[in-house]
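Asks: The structure follows.
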Amino acid sequence: MPLSRVISDGRKGRRKVKMSDAKSGGGREREHRIEKLEKIRELGIDPYPYRFQRTHSIAGTIENREQLIAGEVRLAVAGRIMSVRGHGHTAFGHIKDDTGTIQFYIRDDQLDEHEFGLFKLLDVGDIVGLWGVLFTTRSGELTVRVANLELLAKSIRPLPEKFHGLQDKELRYRHRYVDLIVNDEVMKVFRMRSKILETMRQFLLGNNFLEVETPILQPLYGGAMARPFVTRHNALDMDLYLRIADELYLKRLIVGGMERVFEFSKDFRNEGMDRSHNPEFTMLECYAAYWDYNDMMGFVEEMFSTLATEVCGTTDIQFGEHSIDLSPPWRRLTFFEALHEVAGEDLRASGEGRLEEIARSREIDLEGISGRTALLDTIFSELVEPALIQPTFITDYPLELSPLAKIHRADRGLVERFEPYIAGFEVGNAFSELNDPLDQRARFEAQAELRKAGLQDAHPVDDDYIRALEYGMPPTGGIGIGVDRVVMLLTGATSIRDVILFPQMRPEEGRDGA
RNA sequence: GGGCCGCUAGCUCAUCAGGUAGAGCACCUGCCUUUUAAGCAGGUGGUACCAGGUUCGAGUCCUGGGCGGCUCACCA
């Protein structure tokens, strides 16, 4: 009896699970298939053999079709049966591997009896290996004429319907393997994701960055304003945090003399979930000694135009209704300049009263918002952000928002920080990194005060990080890039769940009741 | 957390005002040696998310719960 069934027995509010692992899941068809599985075994055939030697991928077969047909080459391909059209003594169907789909043609007078008997016990969804030569059908389709076939894995669960496929988003996320089998565009998105990561990595390695790995389990979290997940280490008898950022570790490495480092960091933030937030997500952070944030801006422009060129073949990409030009240089605008544009006046010196007036006149909801910084931030995200469609660097933020960034060289009230915006998304966050240990301690202590005042997301003081800075960190430019959002941008996905293979979901069986 | 919407066969969906659930695909049986949403004939398949309630009778109405989608808020 399946474990899930045992656990759920007697539990109130149990949800019926579609395609469950219970015996009823998959309906009668699953039982038919298990019967066929037994018959296959009775024929002395192992329905789950150990390997298969392919001569060609399906894409390779299609690519070399002329030589393969002309030479009457006996080839071996393998894949999942996606359709079968039986005609008594013959059958057509398609198999699919991860390079493509090809038709096969099988007829009983060209196989030994044994093998055609096996074929009759196969189903859509089974994984097979086929040997044969290529030909073109009357209707012009490239087809493998099967001379021999081998079952490589029996599928006992039916695939979704061939025409509509799997639509239900819940099932698509929960049973991503099925989604990948039947929805080709899903496979395409995740191939692009891989390509994006690879291009980023190559770009960084090509610029002499060193790829490193830093702890996910941290005794003290930091590097961002967010609530962490807490976990427990039994042997040490202590709580640990899942990292919310790897920033403070990477800068320790800069102190240690690694002059350019990066990490693809799985980060975890214990907050709400929506179209652009998953509790675990991927951040690319990179730090370069002797750079400031201006150097980093140039680097980011280069990286994104390289990405778009490698992945999409052009720096002009389409996202929803927007055409976006990622080629450098990008527009650069300070935080207060951007506000000036939308508010029609310089807000740099405006008091709380004036900021509230402006917000109200634009019908911005100010519930729970108090203080000048929060007002500025709110006005910015309501009025400025949505309009930042073409790539734009917003620079020089108010000091209060950025405890890890260096004071602006020309203005003590600002920090040297920028955020790249594309299609209204904030895709990163970068600073001239604060390397004055005494200033850093003062900033941490200011955060600690905010924490005491009830701001849970404020930074805890990280004494070891300050000690590292006390040994001396060179001037450094750093950035964190939200990789999932970049993937959304380049694939046109409108939900982060469409670029994460297994997005966080509540368990199918529902929450544990009393 | 709020609002709206959804949950019916393996999948995609019907079921007008409450009367004991239906189609297509898939599956099973038979026929069919170049088909391709193959075709023809016949057939199987349901705890209508769960639990209560109203009613002679509930997929349908009411209450509570579960899961999801969209959206707003919170949150970087």
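The way I read the labels, and the way they are meant: chains A, B, ... in the order of the structure tokens, residue 1 as the first residue of every chain, and ligand 1 as the first ligand shown, with later ones counted on from there.
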Listing only residues of chain A within 7 Å of chain B, what is the closest atom pair and its distance in Å (to one decimal) for each, using only C-alpha atoms (C1' of nucleotides), sorted by chain and residue number ascending, as JSON lines?
Replies:
{"residue": "A:Gly13", "atom": "CA", "partner": "B:C50", "partner_atom": "C1'", "distance": 4.7}
{"residue": "A:Arg14", "atom": "CA", "partner": "B:C50", "partner_atom": "C1'", "distance": 5.9}
{"residue": "A:Arg15", "atom": "CA", "partner": "B:C49", "partner_atom": "C1'", "distance": 5.3}
{"residue": "A:Lys16", "atom": "CA", "partner": "B:C49", "partner_atom": "C1'", "distance": 5.5}
{"residue": "A:Gly26", "atom": "CA", "partner": "B:G10", "partner_atom": "C1'", "distance": 4.9}
{"residue": "A:Gly27", "atom": "CA", "partner": "B:G10", "partner_atom": "C1'", "distance": 6.0}
{"residue": "A:Arg28", "atom": "CA", "partner": "B:G45", "partner_atom": "C1'", "distance": 6.8}
{"residue": "A:Glu29", "atom": "CA", "partner": "B:C27", "partner_atom": "C1'", "distance": 5.6}
{"residue": "A:Arg85", "atom": "CA", "partner": "B:A38", "partner_atom": "C1'", "distance": 6.4}
{"residue": "A:His87", "atom": "CA", "partner": "B:C32", "partner_atom": "C1'", "distance": 5.4}
{"residue": "A:Gly88", "atom": "CA", "partner": "B:C32", "partner_atom": "C1'", "distance": 5.4}
{"residue": "A:His89", "atom": "CA", "partner": "B:U33", "partner_atom": "C1'", "distance": 5.5}
{"residue": "A:Thr90", "atom": "CA", "partner": "B:U33", "partner_atom": "C1'", "distance": 5.5}
{"residue": "A:Phe92", "atom": "CA", "partner": "B:U35", "partner_atom": "C1'", "distance": 6.0}
{"residue": "A:Arg107", "atom": "CA", "partner": "B:U33", "partner_atom": "C1'", "distance": 6.9}
{"residue": "A:Thr137", "atom": "CA", "partner": "B:U34", "partner_atom": "C1'", "distance": 5.8}
{"residue": "A:Arg138", "atom": "CA", "partner": "B:U34", "partner_atom": "C1'", "distance": 5.8}
{"residue": "A:Pro158", "atom": "CA", "partner": "B:G10", "partner_atom": "C1'", "distance": 5.8}
{"residue": "A:Pro160", "atom": "CA", "partner": "B:C11", "partner_atom": "C1'", "distance": 4.3}
{"residue": "A:Glu161", "atom": "CA", "partner": "B:C11", "partner_atom": "C1'", "distance": 4.5}
{"residue": "A:Lys162", "atom": "CA", "partner": "B:C25", "partner_atom": "C1'", "distance": 6.9}
{"residue": "A:Phe163", "atom": "CA", "partner": "B:A37", "partner_atom": "C1'", "distance": 6.3}
{"residue": "A:His164", "atom": "CA", "partner": "B:U12", "partner_atom": "C1'", "distance": 5.8}
{"residue": "A:Gly165", "atom": "CA", "partner": "B:C11", "partner_atom": "C1'", "distance": 6.7}
{"residue": "A:Leu166", "atom": "CA", "partner": "B:C11", "partner_atom": "C1'", "distance": 6.7}
{"residue": "A:Glu170", "atom": "CA", "partner": "B:G68", "partner_atom": "C1'", "distance": 5.8}
{"residue": "A:Met225", "atom": "CA", "partner": "B:A76", "partner_atom": "C1'", "distance": 6.8}
{"residue": "A:Glu271", "atom": "CA", "partner": "B:C75", "partner_atom": "C1'", "distance": 6.3}
{"residue": "A:Gly272", "atom": "CA", "partner": "B:C75", "partner_atom": "C1'", "distance": 6.5}
{"residue": "A:Glu508", "atom": "CA", "partner": "B:C67", "partner_atom": "C1'", "distance": 7.0}
{"residue": "A:Gly510", "atom": "CA", "partner": "B:G66", "partner_atom": "C1'", "distance": 5.9}
Asks: Include N, CA and C atoms and write out the residues we just selected as a PDB file, in the first residue's frame.
Replies:
ATOM      1  N   GLY A  13     -10.198  16.326   5.845  1.00  0.00           N
ATOM      2  CA  GLY A  13      -9.888  17.297   4.816  1.00  0.00           C
ATOM      3  C   GLY A  13      -8.916  16.773   3.783  1.00  0.00           C
ATOM      4  N   ARG A  14      -8.848  15.483   3.644  1.00  0.00           N
ATOM      5  CA  ARG A  14      -7.934  14.921   2.664  1.00  0.00           C
ATOM      6  C   ARG A  14      -8.414  15.292   1.273  1.00  0.00           C
ATOM      7  N   ARG A  15      -7.479  15.619   0.449  1.00  0.00           N
ATOM      8  CA  ARG A  15      -7.820  16.061  -0.888  1.00  0.00           C
ATOM      9  C   ARG A  15      -7.649  14.893  -1.835  1.00  0.00           C
ATOM     10  N   LYS A  16      -8.560  14.788  -2.748  1.00  0.00           N
ATOM     11  CA  LYS A  16      -8.387  13.783  -3.777  1.00  0.00           C
ATOM     12  C   LYS A  16      -7.229  14.207  -4.672  1.00  0.00           C
ATOM     13  N   GLY A  26      -4.694   6.825 -12.403  1.00  0.00           N
ATOM     14  CA  GLY A  26      -4.367   6.354 -13.727  1.00  0.00           C
ATOM     15  C   GLY A  26      -5.467   5.500 -14.302  1.00  0.00           C
ATOM     16  N   GLY A  27      -6.474   5.216 -13.493  1.00  0.00           N
ATOM     17  CA  GLY A  27      -7.654   4.532 -13.988  1.00  0.00           C
ATOM     18  C   GLY A  27      -7.368   3.098 -14.403  1.00  0.00           C
ATOM     19  N   ARG A  28      -8.304   2.556 -15.185  1.00  0.00           N
ATOM     20  CA  ARG A  28      -8.174   1.168 -15.648  1.00  0.00           C
ATOM     21  C   ARG A  28      -6.961   1.010 -16.541  1.00  0.00           C
ATOM     22  N   GLU A  29      -6.614   2.100 -17.207  1.00  0.00           N
ATOM     23  CA  GLU A  29      -5.541   1.972 -18.184  1.00  0.00           C
ATOM     24  C   GLU A  29      -4.254   1.539 -17.515  1.00  0.00           C
ATOM     25  N   ARG A  85      -0.399   4.991 -34.640  1.00  0.00           N
ATOM     26  CA  ARG A  85      -1.568   4.853 -35.502  1.00  0.00           C
ATOM     27  C   ARG A  85      -1.503   3.467 -36.119  1.00  0.00           C
ATOM     28  N   HIS A  87      -2.597  -0.012 -38.061  1.00  0.00           N
ATOM     29  CA  HIS A  87      -3.348  -0.349 -39.277  1.00  0.00           C
ATOM     30  C   HIS A  87      -3.381  -1.856 -39.465  1.00  0.00           C
ATOM     31  N   GLY A  88      -3.619  -2.595 -38.435  1.00  0.00           N
ATOM     32  CA  GLY A  88      -3.624  -4.039 -38.617  1.00  0.00           C
ATOM     33  C   GLY A  88      -2.235  -4.615 -38.710  1.00  0.00           C
ATOM     34  N   HIS A  89      -1.771  -4.822 -39.936  1.00  0.00           N
ATOM     35  CA  HIS A  89      -0.443  -5.417 -40.105  1.00  0.00           C
ATOM     36  C   HIS A  89       0.682  -4.403 -40.026  1.00  0.00           C
ATOM     37  N   THR A  90       0.329  -3.122 -39.928  1.00  0.00           N
ATOM     38  CA  THR A  90       1.367  -2.092 -39.876  1.00  0.00           C
ATOM     39  C   THR A  90       0.994  -1.054 -38.816  1.00  0.00           C
ATOM     40  N   PHE A  92       2.046   3.297 -37.794  1.00  0.00           N
ATOM     41  CA  PHE A  92       2.892   4.487 -37.775  1.00  0.00           C
ATOM     42  C   PHE A  92       2.870   5.065 -36.372  1.00  0.00           C
ATOM     43  N   ARG A 107       6.003  -2.832 -39.786  1.00  0.00           N
ATOM     44  CA  ARG A 107       5.063  -3.767 -40.430  1.00  0.00           C
ATOM     45  C   ARG A 107       5.467  -5.181 -40.105  1.00  0.00           C
ATOM     46  N   THR A 137       7.860   8.934 -46.661  1.00  0.00           N
ATOM     47  CA  THR A 137       6.532   8.390 -46.970  1.00  0.00           C
ATOM     48  C   THR A 137       5.923   9.096 -48.160  1.00  0.00           C
ATOM     49  N   ARG A 138       4.822   8.557 -48.586  1.00  0.00           N
ATOM     50  CA  ARG A 138       4.045   9.148 -49.677  1.00  0.00           C
ATOM     51  C   ARG A 138       3.763  10.635 -49.423  1.00  0.00           C
ATOM     52  N   PRO A 158      -0.829   6.593 -18.186  1.00  0.00           N
ATOM     53  CA  PRO A 158      -1.118   7.253 -19.460  1.00  0.00           C
ATOM     54  C   PRO A 158      -0.691   8.722 -19.471  1.00  0.00           C
ATOM     55  N   PRO A 160      -1.097  12.687 -20.812  1.00  0.00           N
ATOM     56  CA  PRO A 160      -2.270  13.532 -21.090  1.00  0.00           C
ATOM     57  C   PRO A 160      -2.681  13.452 -22.552  1.00  0.00           C
ATOM     58  N   GLU A 161      -3.842  13.923 -22.811  1.00  0.00           N
ATOM     59  CA  GLU A 161      -4.423  13.868 -24.136  1.00  0.00           C
ATOM     60  C   GLU A 161      -3.543  14.545 -25.182  1.00  0.00           C
ATOM     61  N   LYS A 162      -3.492  13.940 -26.376  1.00  0.00           N
ATOM     62  CA  LYS A 162      -2.502  14.385 -27.355  1.00  0.00           C
ATOM     63  C   LYS A 162      -2.776  15.774 -27.929  1.00  0.00           C
ATOM     64  N   PHE A 163      -4.037  16.159 -27.957  1.00  0.00           N
ATOM     65  CA  PHE A 163      -4.330  17.426 -28.617  1.00  0.00           C
ATOM     66  C   PHE A 163      -4.245  18.617 -27.662  1.00  0.00           C
ATOM     67  N   HIS A 164      -4.916  18.521 -26.522  1.00  0.00           N
ATOM     68  CA  HIS A 164      -4.890  19.633 -25.571  1.00  0.00           C
ATOM     69  C   HIS A 164      -3.705  19.568 -24.624  1.00  0.00           C
ATOM     70  N   GLY A 165      -3.151  18.381 -24.443  1.00  0.00           N
ATOM     71  CA  GLY A 165      -1.999  18.247 -23.567  1.00  0.00           C
ATOM     72  C   GLY A 165      -2.360  18.492 -22.125  1.00  0.00           C
ATOM     73  N   LEU A 166      -1.359  18.903 -21.346  1.00  0.00           N
ATOM     74  CA  LEU A 166      -1.570  19.178 -19.930  1.00  0.00           C
ATOM     75  C   LEU A 166      -1.671  20.682 -19.759  1.00  0.00           C
ATOM     76  N   GLU A 170      -1.634  23.818 -11.975  1.00  0.00           N
ATOM     77  CA  GLU A 170      -1.266  23.114 -10.746  1.00  0.00           C
ATOM     78  C   GLU A 170      -0.592  21.786 -11.079  1.00  0.00           C
ATOM     79  N   MET A 225      17.926  42.685   3.041  1.00  0.00           N
ATOM     80  CA  MET A 225      16.871  42.933   4.018  1.00  0.00           C
ATOM     81  C   MET A 225      15.789  41.899   3.758  1.00  0.00           C
ATOM     82  N   GLU A 271       9.305  34.844   2.882  1.00  0.00           N
ATOM     83  CA  GLU A 271       8.352  35.916   2.629  1.00  0.00           C
ATOM     84  C   GLU A 271       7.257  35.449   1.700  1.00  0.00           C
ATOM     85  N   GLY A 272       6.437  36.381   1.287  1.00  0.00           N
ATOM     86  CA  GLY A 272       5.317  36.031   0.426  1.00  0.00           C
ATOM     87  C   GLY A 272       5.769  35.504  -0.934  1.00  0.00           C
ATOM     88  N   GLU A 508       0.329  18.131  -1.771  1.00  0.00           N
ATOM     89  CA  GLU A 508      -0.945  17.741  -2.369  1.00  0.00           C
ATOM     90  C   GLU A 508      -1.972  17.298  -1.350  1.00  0.00           C
ATOM     91  N   GLY A 510      -2.574  18.340   1.468  1.00  0.00           N
ATOM     92  CA  GLY A 510      -3.088  19.387   2.334  1.00  0.00           C
ATOM     93  C   GLY A 510      -2.288  19.469   3.617  1.00  0.00           C
TER      94      GLY A 510
END
Asks: Please provide as a PyMOL selection string all residues within 9 Å of Asp239 in chain A, with the sequence filter that same-chain residues fewer than 5 positions apart are discarded (counting only C-alpha atoms (C1' of nucleotides)).
Replies: chain A and resi 219+230-234
Asks: Quick check for you: according to DSSP on this backbone, which residues of range 86-334 of chain A are classed as helix (DSSP H, G or I)? Reply as an MDAnalysis selection string.
Replies: chainID A and resid 108:110 113:119 169:174 176:182 184:206 247:255 293:312
Asks: Please identify which residues in range 197-313 of chain A DSSP calls strand (DSSP E or B) from the backbone, and express them as a ChimeraX atom specification.
Replies: /A:210-211,217-218,230-233,238-242,260-268,274,277,280-289
Asks: So which residues touch Thr309 in chain A within 12 Å, counting only C-alpha atoms (C1' of nucleotides), skipping near sequence neighbours fewer than 4 positions away, as a list in words?
Replies: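 These residues fall inside the cut-off: Lys195, Ile196, Thr199, Met200, Glu302, Met303, Phe304, Ser305, Gly313, Thr314, Thr315, Asp316, Ile317, Asp325, Leu326, Ser327 and Leu490 of chain A.
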Asks: Using only C-alpha atoms (C1' of nucleotides), which residues sit within 10 Å of Ala387 in chain A once same-chain residues fewer than 6 positions away are excluded, as a PyMOL selection string?
Replies: chain A and resi 342+381+421-425
Asks: Give me the residues near Leu355 in chain A as a list of chain:residue names, where near means some atom within 10 Å (using only C-alpha atoms (C1' of nucleotides)) and where sequence neighbours in that chain fewer than 5 positions away do not count.
Replies: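 Listed by chain and then number, they are A:Ala343, A:Leu347, A:Ser350, A:Arg360, A:Ser361, A:Gly371, A:Arg372, A:Leu375, A:Leu376, A:Ile379.
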Asks: Taking N, CA and C atoms for each residue, export the selection above as an mmCIF file, in the first residue's frame.
Replies:
data_model
loop_
_atom_site.group_PDB
_atom_site.id
_atom_site.type_symbol
_atom_site.label_atom_id
_atom_site.label_comp_id
_atom_site.auth_asym_id
_atom_site.auth_seq_id
_atom_site.Cartn_x
_atom_site.Cartn_y
_atom_site.Cartn_z
ATOM 1 N N ALA A 343 7.607 63.576 -10.696
ATOM 2 C CA ALA A 343 6.914 64.463 -9.755
ATOM 3 C C ALA A 343 6.880 65.891 -10.270
ATOM 4 N N LEU A 347 12.746 66.411 -5.351
ATOM 5 C CA LEU A 347 12.281 65.958 -4.038
ATOM 6 C C LEU A 347 13.421 65.800 -3.040
ATOM 7 N N SER A 350 12.661 67.824 -0.131
ATOM 8 C CA SER A 350 11.263 67.910 0.295
ATOM 9 C C SER A 350 11.044 67.204 1.623
ATOM 10 N N ARG A 360 -0.425 61.543 -2.358
ATOM 11 C CA ARG A 360 -1.894 61.568 -2.347
ATOM 12 C C ARG A 360 -2.430 62.067 -3.679
ATOM 13 N N SER A 361 -1.760 63.082 -4.235
ATOM 14 C CA SER A 361 -2.254 63.636 -5.492
ATOM 15 C C SER A 361 -2.183 62.592 -6.614
ATOM 16 N N GLY A 371 7.729 58.100 7.466
ATOM 17 C CA GLY A 371 9.147 58.452 7.373
ATOM 18 C C GLY A 371 9.492 58.849 5.955
ATOM 19 N N ARG A 372 10.441 59.729 5.846
ATOM 20 C CA ARG A 372 10.795 60.309 4.566
ATOM 21 C C ARG A 372 11.329 59.254 3.587
ATOM 22 N N LEU A 375 8.640 57.019 2.283
ATOM 23 C CA LEU A 375 7.805 57.746 1.332
ATOM 24 C C LEU A 375 8.466 57.838 -0.035
ATOM 25 N N LEU A 376 9.739 58.183 -0.009
ATOM 26 C CA LEU A 376 10.473 58.276 -1.272
ATOM 27 C C LEU A 376 10.462 56.929 -1.988
ATOM 28 N N ILE A 379 6.966 56.227 -3.423
ATOM 29 C CA ILE A 379 6.694 57.027 -4.631
ATOM 30 C C ILE A 379 7.504 56.487 -5.799
#
Asks: Just checking: using only C-alpha atoms (C1' of nucleotides), which residue out of A:Asp168, A:Asp462, A:Gly477, A:Ser276 ends up closest to C13 in chain B?
Replies: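 Of all the options, A:Asp168 lies closest to C13 in chain B.
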Asks: Nearest to Arg193 in chain A among A:Leu307, A:Thr395, A:Gly71, A:Thr55, with distances taken over only C-alpha atoms: which residue is it?
Replies: A:Leu307
Asks: Taking 5 positions as the minimum chain separation for residues in the same chain, which residues sit within 12 Å of G30 in chain B when counting only C-alpha atoms (C1' of nucleotides)? Answer as a list in words.
Replies: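 Near neighbours after the sequence-gap exclusion: Gly88 of chain A; C40, A41, G42 and G43 of chain B.
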Asks: Grab the CA of Gly257 in chain A to CA of Asp436 in chain A distance for me, in Å with one decimal place.
Replies: 16.9 Å
Asks: Report, in Å with one decimal, the straight-line distance from CA of Leu130 in chain A to CA of Ala147 in chain A.
Replies: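 That distance, rounded to one decimal, is 7.6 Å.
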